[in-house]
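Asks: Attaching a single structure in structure tokens format; questions to follow.
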Amino acid sequence: MSTIKSVSNQANQALDSYKQKDASKVVVRFKATGNAPIMKQNFYKITASNRFQTVIAFLRKELGWKPSDPLFLYINASFSPAPDDSVANLFKCFATEGHLIVNYSSTAAWG
């Protein structure tokens with residue numbers, strides 16, 4: 001019986017730690033592609049627990065673009081992540097020299 005209680009406590013602790021938001025930040029570097037405007041500042045620290053959708057909304061705001069304006073984002077000039085991907089996972093898998101490089105364009109640039 002104590003073994004079951006111990007496993008249950010461990011499971012609850014694991015769930016609690018999973019639910020906690022990661023307050024750490026990652027450096028995101030934006031690079032313009034094609035005819036997209038170049039940003040004056042292209043390095044930003046973004047909370048790692050955010051979804052990529054937050055990065056999309058942030059970039060639209062910084063560029064002054066409306067939600068209806070086309071915006072294509074790519075990681076390391078190779079693929080477009082899903083909006084529900086976490087910034088932390090993208091950073092862990094695809095960071096280059098301590099930065100998550102996000103290329104942006106107003107037209108489709110890469111597949």
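Every chain in the structure tokens has a letter given in the order shown (A, B, ...), and although residue numbers restart at 1 in each chain, ligands are simply numbered from 1 in the order shown.
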Among chain A, which residues carry a DSSP assignment of strand (DSSP E), reported as a list in words?
Replies: Lys25, Val26, Val27, Val28, Arg29, Phe30, Lys31, Ala32, Phe43, Tyr44, Lys45, Ile46, Thr47, Phe72, Leu73, Tyr74, Ile75, His99, Leu100, Ile101, Val102, Asn103, Tyr104 and Ser105 of chain A
Asks: Please identify all polymer residues within 10 Å of stretch 60-75 of chain A, counting only C-alpha atoms, omitting same-chain residues fewer than 6 positions from it, and present them as a PyMOL selection string.
Replies: chain A and resi 30-33+36-39+41+52+54+81-82+90-91+94-95+100-111
Asks: Here is a test: counting only C-alpha atoms, which residue of A:Asn76, A:Gln13, A:Ser86, A:Ser8 is nearest to A:Ile46?
Replies: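 Smallest distance to A:Ile46 is found for A:Ser86.
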Asks: Fewer than 2 positions away in the same chain doesn't count, so skip those; otherwise give me all residues within 9 Å of A:Val55, counting only C-alpha atoms, as a count of residues only.
Replies: 12
Asks: List every residue of stretch 8-90 of chain A that DSSP, applied to the backbone of this structure, assigns to helix (DSSP H, G or I), and report them as a JSON list (two decimals) with N, CA, C and O atoms, in the first residue's frame.
Replies:
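Below is the file that was written, out.json:
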[["chain", "number", "residue", "atom", "x", "y", "z"],
["A", 8, "SER", "N", 1.92, 7.44, -6.35],
["A", 8, "SER", "CA", 0.91, 8.48, -6.52],
["A", 8, "SER", "C", 1.48, 9.86, -6.19],
["A", 8, "SER", "O", 1.24, 10.83, -6.91],
["A", 9, "ASN", "N", 2.26, 9.95, -5.12],
["A", 9, "ASN", "CA", 2.89, 11.23, -4.75],
["A", 9, "ASN", "C", 3.88, 11.68, -5.81],
["A", 9, "ASN", "O", 3.95, 12.85, -6.16],
["A", 10, "GLN", "N", 4.67, 10.74, -6.32],
["A", 10, "GLN", "CA", 5.63, 11.07, -7.37],
["A", 10, "GLN", "C", 4.92, 11.54, -8.64],
["A", 10, "GLN", "O", 5.36, 12.49, -9.29],
["A", 11, "ALA", "N", 3.83, 10.89, -8.98],
["A", 11, "ALA", "CA", 3.06, 11.29, -10.16],
["A", 11, "ALA", "C", 2.48, 12.69, -9.98],
["A", 11, "ALA", "O", 2.51, 13.51, -10.90],
["A", 12, "ASN", "N", 1.96, 12.97, -8.79],
["A", 12, "ASN", "CA", 1.42, 14.31, -8.52],
["A", 12, "ASN", "C", 2.50, 15.37, -8.58],
["A", 12, "ASN", "O", 2.29, 16.46, -9.11],
["A", 13, "GLN", "N", 3.70, 15.07, -8.07],
["A", 13, "GLN", "CA", 4.80, 16.03, -8.14],
["A", 13, "GLN", "C", 5.22, 16.27, -9.58],
["A", 13, "GLN", "O", 5.51, 17.41, -9.97],
["A", 14, "ALA", "N", 5.25, 15.22, -10.37],
["A", 14, "ALA", "CA", 5.62, 15.37, -11.78],
["A", 14, "ALA", "C", 4.59, 16.23, -12.51],
["A", 14, "ALA", "O", 4.95, 17.09, -13.32],
["A", 15, "LEU", "N", 3.31, 16.01, -12.25],
["A", 15, "LEU", "CA", 2.26, 16.82, -12.89],
["A", 15, "LEU", "C", 2.35, 18.27, -12.46],
["A", 15, "LEU", "O", 2.18, 19.18, -13.27],
["A", 16, "ASP", "N", 2.62, 18.50, -11.17],
["A", 16, "ASP", "CA", 2.74, 19.88, -10.68],
["A", 16, "ASP", "C", 3.90, 20.60, -11.33],
["A", 16, "ASP", "O", 3.79, 21.77, -11.71],
["A", 17, "SER", "N", 5.04, 19.92, -11.47],
["A", 17, "SER", "CA", 6.19, 20.57, -12.11],
["A", 17, "SER", "C", 5.94, 20.82, -13.59],
["A", 17, "SER", "O", 6.41, 21.79, -14.16],
["A", 18, "TYR", "N", 5.17, 19.94, -14.24],
["A", 18, "TYR", "CA", 4.84, 20.12, -15.65],
["A", 18, "TYR", "C", 3.93, 21.33, -15.84],
["A", 18, "TYR", "O", 4.05, 22.06, -16.83],
["A", 19, "LYS", "N", 3.04, 21.58, -14.89],
["A", 19, "LYS", "CA", 2.07, 22.68, -15.01],
["A", 19, "LYS", "C", 2.72, 24.04, -14.78],
["A", 19, "LYS", "O", 2.18, 25.05, -15.20],
["A", 52, "PHE", "N", 4.62, 29.59, -30.30],
["A", 52, "PHE", "CA", 5.14, 30.34, -31.44],
["A", 52, "PHE", "C", 4.13, 31.38, -31.92],
["A", 52, "PHE", "O", 4.52, 32.39, -32.51],
["A", 53, "GLN", "N", 2.85, 31.15, -31.65],
["A", 53, "GLN", "CA", 1.81, 32.13, -32.01],
["A", 53, "GLN", "C", 2.11, 33.49, -31.38],
["A", 53, "GLN", "O", 1.87, 34.53, -31.98],
["A", 54, "THR", "N", 2.69, 33.48, -30.18],
["A", 54, "THR", "CA", 3.07, 34.73, -29.51],
["A", 54, "THR", "C", 4.15, 35.45, -30.30],
["A", 54, "THR", "O", 4.13, 36.69, -30.41],
["A", 55, "VAL", "N", 5.09, 34.71, -30.85],
["A", 55, "VAL", "CA", 6.15, 35.30, -31.67],
["A", 55, "VAL", "C", 5.56, 35.94, -32.92],
["A", 55, "VAL", "O", 5.93, 37.04, -33.32],
["A", 56, "ILE", "N", 4.61, 35.24, -33.54],
["A", 56, "ILE", "CA", 3.94, 35.77, -34.73],
["A", 56, "ILE", "C", 3.23, 37.08, -34.41],
["A", 56, "ILE", "O", 3.39, 38.08, -35.13],
["A", 57, "ALA", "N", 2.45, 37.10, -33.32],
["A", 57, "ALA", "CA", 1.72, 38.30, -32.93],
["A", 57, "ALA", "C", 2.69, 39.44, -32.59],
["A", 57, "ALA", "O", 2.46, 40.60, -32.96],
["A", 58, "PHE", "N", 3.78, 39.12, -31.90],
["A", 58, "PHE", "CA", 4.78, 40.12, -31.54],
["A", 58, "PHE", "C", 5.40, 40.75, -32.78],
["A", 58, "PHE", "O", 5.54, 41.97, -32.87],
["A", 59, "LEU", "N", 5.77, 39.91, -33.74],
["A", 59, "LEU", "CA", 6.40, 40.42, -34.96],
["A", 59, "LEU", "C", 5.43, 41.29, -35.75],
["A", 59, "LEU", "O", 5.81, 42.34, -36.26],
["A", 60, "ARG", "N", 4.16, 40.87, -35.84],
["A", 60, "ARG", "CA", 3.15, 41.71, -36.52],
["A", 60, "ARG", "C", 3.07, 43.08, -35.88],
["A", 60, "ARG", "O", 2.99, 44.10, -36.56],
["A", 61, "LYS", "N", 3.08, 43.11, -34.55],
["A", 61, "LYS", "CA", 3.00, 44.38, -33.82],
["A", 61, "LYS", "C", 4.23, 45.24, -34.09],
["A", 61, "LYS", "O", 4.12, 46.45, -34.35],
["A", 62, "GLU", "N", 5.41, 44.64, -34.05],
["A", 62, "GLU", "CA", 6.65, 45.39, -34.28],
["A", 62, "GLU", "C", 6.72, 45.95, -35.70],
["A", 62, "GLU", "O", 7.23, 47.04, -35.91],
["A", 63, "LEU", "N", 6.21, 45.19, -36.68],
["A", 63, "LEU", "CA", 6.23, 45.64, -38.07],
["A", 63, "LEU", "C", 5.08, 46.59, -38.39],
["A", 63, "LEU", "O", 5.09, 47.25, -39.43],
["A", 87, "VAL", "N", 8.16, 27.83, -27.86],
["A", 87, "VAL", "CA", 9.41, 28.51, -28.17],
["A", 87, "VAL", "C", 10.57, 27.75, -27.55],
["A", 87, "VAL", "O", 11.63, 27.62, -28.15],
["A", 88, "ALA", "N", 10.36, 27.20, -26.35],
["A", 88, "ALA", "CA", 11.42, 26.45, -25.68],
["A", 88, "ALA", "C", 11.85, 25.24, -26.50],
["A", 88, "ALA", "O", 13.04, 24.98, -26.67],
["A", 89, "ASN", "N", 10.89, 24.48, -27.02],
["A", 89, "ASN", "CA", 11.23, 23.30, -27.82],
["A", 89, "ASN", "C", 11.94, 23.69, -29.11],
["A", 89, "ASN", "O", 12.90, 23.04, -29.51],
["A", 90, "LEU", "N", 11.46, 24.72, -29.77],
["A", 90, "LEU", "CA", 12.12, 25.18, -30.99],
["A", 90, "LEU", "C", 13.55, 25.62, -30.70],
["A", 90, "LEU", "O", 14.48, 25.32, -31.45]]
Asks: Any idea what the distance is between atom CA of A:Ser49 and atom CA of A:Ala23?
Replies: 7.0 Å
Asks: Skip A:Lys92 itself and residues of its chain fewer than 6 positions away, then list as a ChimeraX atom specification all residues within 10 Å of it, counting only C-alpha atoms.
Replies: /A:26,48,98,100
Asks: Go ahead and write the residues just picked, N, CA, C and O atoms, as a CSV table (one decimal), in the first residue's frame.
Replies:
chain,number,residue,atom,x,y,z
A,26,VAL,N,14.5,33.1,-24.0
A,26,VAL,CA,15.4,32.7,-25.0
A,26,VAL,C,15.5,33.9,-26.0
A,26,VAL,O,14.6,34.8,-26.1
A,48,ALA,N,10.3,31.5,-22.7
A,48,ALA,CA,10.5,30.2,-23.4
A,48,ALA,C,9.2,29.4,-23.4
A,48,ALA,O,8.9,28.6,-24.3
A,98,GLY,N,23.2,30.2,-29.7
A,98,GLY,CA,22.5,30.8,-28.6
A,98,GLY,C,21.3,31.6,-29.0
A,98,GLY,O,20.7,32.3,-28.2
A,100,LEU,N,17.5,31.7,-31.5
A,100,LEU,CA,16.6,31.1,-32.3
A,100,LEU,C,16.4,32.0,-33.5
A,100,LEU,O,15.9,33.2,-33.4
Asks: So how many Å separate atom CA of A:Val27 and atom CA of A:Lys45, to one decimal?
Replies: 4.5 Å
Asks: As an exercise, work out the distance from atom CA of A:Asn35 to atom CA of A:His99 in Å and give it to one decimal place.
Replies: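 Straight-line distance from atom CA of A:Asn35 to atom CA of A:His99 works out to 23.1 Å.
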